[in-house]
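Down below is the structure, laid out as structure tokens.
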Amino acid sequence: MFIPNTQIKSSINLLDFIQERASIGTWEYDPISKNLNWSNETKKIHELPLDYIPDLQQGISFYKEGYSRNTITQLFTLCIESHIDFDTEVLIVTPKKKDKWVRVIGIAIIENDKCILVQGLFQDIDKKTKNAKELAFKEQQLRKTFETALIGMAIVDLEGNWIDVNNSLCNILGYNKVEIKKLTFMDLTHPEDLRRDHQALMRMIKGELDDYEIEKRYISKNGETVWAQLSVSIVKDNLGQPEHFVAQINNVTQIKKNRKKVSQLLETTKNQNKRLLNFAHIVSHNLRSHYGNLDMLLDIVKIDLPETTNNEIFPLVELAVSHLGETLTNLNEVAAINVQKDLKTEPLNLLNSFQGALSSISALIRESKTTVSIDIDTDLFILGVPAYLDSIILNFLTNAIKYKKATEPAKIEIKTNISNDFVVLEIKDHGQGIDLKKYGDKLFGMYKTFHRHEDSRGLGLFITKNQIEAIGGKVEVSSIVNEGTTFFISLKKYA
């Protein structure tokens, strides 16, 4: 039968077109002549020039050393010697040092029970294989994440059946995977929470919601109530049709129990504080009455029986009564700070407040030869209570003078800086300093003193700290013995 040349050429062109588009080349090997032939597409896959002439040893050397080279050598040998066809996927290394996945097919042509030719296909599957391996890796990572997640995770079908659950969810509910998959989420949901949960799922199926989050209760295998924070999202196909749900179940049972305990504790504390406050008012009132009576009786004695005051006991009694009155005043002052919750603060000019305080103790400053340097912006305002701010400033200034070094006058340096929404007021003296390692945790305690001074009562810093905190601030300290002390007072800045 005669086939026109045009038809032959057309068939060849079509074959070339198919090879190029499908990235499939051909090859054949003659075991007798040892000739190896590659099609142009096979050479292109190897990234070789079209005039390249291969031989068997060079052809084998393109396969990556190790598994790929060993595999193709073994399969090629079996094909020739045992007439076993092969089809495998292996790696080659191109002259550009690029690893490339290829599919190699070999078919033995047999004549008189002897292999006279091996013909085969050579296909570039690099992109497809790498994409498949990457997808498999991602799926593996996703599976590991699913299985090892500390919170419960589940895939649920549209009917509410568990498709898959992780170990954490099994631990939360007390079931193993086989047991839990025999149940639906409805079987494990607390009856009082079922309707709300089911309604949200129906809205997701209808397309009204993409996800939802609720706090709900489950019933564990042993019948206990398990509180959980549930987050659910819906997965749809390419056409937008719902396929299944993905749920995250975080066990918050212990948190709920702790909240209840805290709530009960706060309520108990609130009641105790009320009783303590009432007790404090009663004690303060009664002690104030007794102090007033004692003080009045002492005045009567001094007026009506002056001769009885001329002994060593009376001054001691008078001093004791005076101390009682002073203690009551201090305690009332502390109680007043702690009782007031909603203090009305107002903008206060910090420089003016300091100038007013310095003016009120000008005689003390002059007598003690104290030097004071102030570096405060004239337009700097803080939010505070005028009486509190005056008390705070006066206490720090008088302390700096009181606890100066015995051998030199007091020196006080005052400056400010801004930190976020706070004005940080630095008051530095060069006095006796405080051993913070020894007294740091007691510095602002009530009735705590750290120097031998006749006027030390151990209340100044305690009251001052309470006043600072009452207006939303805080106080910190840095000190070195015999070098001085710096207080850092953070006060709310007025914008």
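All residue names refer to the structure tokens as shown: chains lettered A, B, ... in order, residues numbered from 1 in each chain, ligands numbered from 1 in order.
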Using DSSP secondary structure from the backbone, list all alpha helix (DSSP H) positions within region 195-378 of chain A, as a ChimeraX atom specification. /A:195-205,253-304,313-339,350-360,362-368
So that I have them on file, write out the residues from the current selection with C-alpha atoms, as a compact mmCIF listing (two decimals), in the first residue's frame.
# COMPACT_ATOMS: atom_id res chain seq x y z
CA ARG A 195 -31.42 24.48 70.17
CA ARG A 196 -29.09 27.48 70.03
CA ASP A 197 -26.25 25.38 68.58
CA HIS A 198 -28.51 23.72 65.99
CA GLN A 199 -29.99 27.05 64.88
CA ALA A 200 -26.51 28.46 64.23
CA LEU A 201 -25.59 25.42 62.11
CA MET A 202 -28.77 25.77 60.03
CA ARG A 203 -27.99 29.43 59.38
CA MET A 204 -24.53 28.43 58.16
CA ILE A 205 -25.99 25.83 55.78
CA THR A 253 -14.73 24.09 82.63
CA GLN A 254 -11.94 24.94 85.06
CA ILE A 255 -12.09 28.60 84.07
CA LYS A 256 -15.83 28.63 84.77
CA LYS A 257 -15.24 27.00 88.16
CA ASN A 258 -12.48 29.49 88.97
CA ARG A 259 -14.69 32.41 87.94
CA LYS A 260 -17.40 31.16 90.25
CA LYS A 261 -14.89 30.84 93.09
CA VAL A 262 -13.55 34.33 92.41
CA SER A 263 -17.08 35.72 92.27
CA GLN A 264 -17.91 34.08 95.57
CA LEU A 265 -14.64 35.30 97.06
CA LEU A 266 -15.30 38.86 95.87
CA GLU A 267 -18.78 38.77 97.33
CA THR A 268 -17.40 37.44 100.61
CA THR A 269 -14.66 40.09 100.59
CA LYS A 270 -17.22 42.80 99.83
CA ASN A 271 -19.33 41.73 102.78
CA GLN A 272 -16.29 41.49 105.03
CA ASN A 273 -15.14 44.95 103.95
CA LYS A 274 -18.57 46.33 104.77
CA ARG A 275 -18.41 44.77 108.23
CA LEU A 276 -14.84 45.99 108.72
CA LEU A 277 -15.84 49.48 107.62
CA ASN A 278 -18.74 49.50 110.03
CA PHE A 279 -16.44 48.19 112.74
CA ALA A 280 -13.88 50.90 111.92
CA HIS A 281 -16.55 53.61 112.14
CA ILE A 282 -17.81 52.25 115.46
CA VAL A 283 -14.30 51.90 116.90
CA SER A 284 -13.25 55.30 115.59
CA HIS A 285 -16.37 56.94 116.99
CA ASN A 286 -16.08 55.25 120.36
CA LEU A 287 -12.33 55.84 120.66
CA ARG A 288 -12.81 59.46 119.61
CA SER A 289 -15.39 59.82 122.37
CA HIS A 290 -13.09 58.23 124.97
CA TYR A 291 -10.17 60.37 123.78
CA GLY A 292 -12.32 63.49 124.03
CA ASN A 293 -13.40 62.56 127.54
CA LEU A 294 -9.84 61.88 128.65
CA ASP A 295 -8.55 65.11 127.13
CA MET A 296 -11.36 67.07 128.75
CA LEU A 297 -10.74 65.42 132.13
CA LEU A 298 -7.06 66.36 131.92
CA ASP A 299 -8.01 69.99 131.21
CA ILE A 300 -10.37 69.95 134.21
CA VAL A 301 -7.66 68.53 136.43
CA LYS A 302 -5.19 71.22 135.30
CA ILE A 303 -7.76 73.93 136.06
CA ASP A 304 -9.41 72.62 139.25
CA ILE A 313 3.17 60.83 136.32
CA PHE A 314 0.83 63.53 135.02
CA PRO A 315 3.02 64.59 132.04
CA LEU A 316 3.26 60.93 131.03
CA VAL A 317 -0.52 60.54 131.13
CA GLU A 318 -0.94 63.77 129.17
CA LEU A 319 1.58 62.57 126.56
CA ALA A 320 -0.19 59.19 126.27
CA VAL A 321 -3.54 60.88 125.68
CA SER A 322 -1.94 63.19 123.10
CA HIS A 323 -0.48 60.19 121.26
CA LEU A 324 -3.90 58.51 121.31
CA GLY A 325 -5.43 61.55 119.61
CA GLU A 326 -2.64 61.64 117.05
CA THR A 327 -3.10 57.94 116.29
CA LEU A 328 -6.84 58.41 115.79
CA THR A 329 -6.20 61.30 113.40
CA ASN A 330 -3.75 59.22 111.38
CA LEU A 331 -6.03 56.20 111.22
CA ASN A 332 -8.97 58.33 110.12
CA GLU A 333 -6.84 59.88 107.40
CA VAL A 334 -5.79 56.45 106.06
CA ALA A 335 -9.35 55.14 106.23
CA ALA A 336 -10.66 58.19 104.37
CA ILE A 337 -8.25 57.55 101.47
CA ASN A 338 -9.18 53.87 101.18
CA VAL A 339 -12.93 54.47 101.44
CA LEU A 350 2.46 70.93 88.65
CA LEU A 351 4.85 73.89 88.84
CA ASN A 352 2.28 76.06 90.66
CA SER A 353 1.62 73.24 93.12
CA PHE A 354 5.35 72.98 93.91
CA GLN A 355 5.72 76.72 94.29
CA GLY A 356 2.78 76.79 96.69
CA ALA A 357 4.25 73.94 98.76
CA LEU A 358 7.68 75.59 98.87
CA SER A 359 6.08 78.83 99.98
CA SER A 360 4.32 77.10 102.88
CA SER A 362 9.80 78.60 103.27
CA ALA A 363 10.78 79.17 106.91
CA LEU A 364 11.90 75.53 107.27
CA ILE A 365 13.89 75.78 104.03
CA ARG A 366 15.55 78.99 105.13
CA GLU A 367 16.35 77.72 108.64
CA SER A 368 17.80 74.42 107.35
Test item, strand (DSSP E) assignment across region 287-427 of chain A, answer as a VMD selection string: chain A and resid 346 to 349 371 to 375 381 to 384 411 to 419 422 to 427
What would the file look like if the residues just selected were written as a compact mmCIF listing (two decimals), in the first residue's frame with C-alpha atoms?
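Generated output (again-v9.txt):
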# COMPACT_ATOMS: atom_id res chain seq x y z
CA GLU A 346 -9.10 68.02 88.03
CA PRO A 347 -6.27 69.54 85.98
CA LEU A 348 -3.52 70.84 88.29
CA ASN A 349 -0.49 72.86 87.25
CA THR A 371 18.66 74.40 98.34
CA VAL A 372 15.91 73.40 95.91
CA SER A 373 16.24 73.27 92.11
CA ILE A 374 13.10 72.83 90.00
CA ASP A 375 12.96 71.91 86.31
CA PHE A 381 -0.71 69.75 84.03
CA ILE A 382 -1.62 66.52 85.81
CA LEU A 383 -4.97 65.07 86.89
CA GLY A 384 -5.31 64.98 90.63
CA LYS A 411 19.85 69.60 98.53
CA ILE A 412 16.71 68.73 96.56
CA GLU A 413 16.47 68.36 92.77
CA ILE A 414 13.07 68.20 91.08
CA LYS A 415 12.41 67.41 87.42
CA THR A 416 9.89 65.68 85.18
CA ASN A 417 9.68 63.55 82.06
CA ILE A 418 6.79 62.14 80.05
CA SER A 419 6.12 58.39 79.75
CA PHE A 422 1.94 59.79 82.64
CA VAL A 423 4.09 62.57 84.02
CA VAL A 424 6.99 61.02 85.93
CA LEU A 425 8.00 63.38 88.72
CA GLU A 426 11.55 62.81 90.03
CA ILE A 427 12.38 64.13 93.50
Grab the CA of Pro31 (chain A) to CA of Leu117 (chain A) distance for me, in Å with one decimal place. 6.4 Å
Can you pull out every residue within 9 Å of Val93 (chain A), counting only C-alpha atoms, but drop anything in the same chain fewer than 2 positions away, and send it as a PyMOL selection string? chain A and resi 46+61-65+91+95-101
Surrounding residues of Ala410 (chain A) excluding itself and chain neighbours under 4 positions, 9 Å, only C-alpha atoms, as an MDAnalysis selection string: chainID A and resid 365 368:372 400:405 429:431
Residues near region 228-231 of chain A, cut-off 12 Å, only C-alpha atoms, skip fewer than 2 positions along chain, as a PyMOL selection string: chain A and resi 151-155+169+172-173+185+189-190+193+197+200-201+210-220+225-226+233-234+245-256
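The spacing separating CA of Phe76 (chain A) from CA of Asn131 (chain A) amounts to 27.8 Å.
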Considering only C-alpha atoms, state which residue in the set A:Val385, A:Val481, A:Ile471, A:Ala406 is at the smallest distance from Lys438 (chain A). A:Val481
Rounded to one decimal, what separation in Å do you get between CA of Gly223 (chain A) and CA of Glu159 (chain A)? 23.9 Å
Contacts of Gly25 (chain A) within 7 Å, only C-alpha atoms, excl. fewer than 4 positions in-chain, as a short mmCIF file (atom, residue, chain, number, x, y, z; two decimals) with N, CA and C atoms, in the first residue's frame:
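This is the output file out-v3.cif:
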data_model
loop_
_atom_site.label_atom_id
_atom_site.label_comp_id
_atom_site.auth_asym_id
_atom_site.auth_seq_id
_atom_site.Cartn_x
_atom_site.Cartn_y
_atom_site.Cartn_z
N GLN A 19 4.36 15.19 21.36
CA GLN A 19 5.49 15.01 22.26
C GLN A 19 5.83 16.33 22.97
N SER A 39 14.82 11.04 21.21
CA SER A 39 14.10 12.02 20.39
C SER A 39 14.50 13.42 20.86
N GLU A 41 12.61 15.73 21.97
CA GLU A 41 11.92 16.10 23.21
C GLU A 41 12.62 15.50 24.42
N THR A 42 13.15 14.28 24.24
CA THR A 42 13.91 13.65 25.34
C THR A 42 15.15 14.48 25.66
N LEU A 121 9.31 5.54 26.56
CA LEU A 121 8.87 6.94 26.66
C LEU A 121 9.59 7.61 27.81
N PHE A 122 9.76 8.92 27.68
CA PHE A 122 10.47 9.71 28.69
C PHE A 122 9.67 10.99 28.90
N GLN A 123 9.04 11.16 30.08
CA GLN A 123 8.10 12.26 30.30
C GLN A 123 8.57 13.17 31.44
#
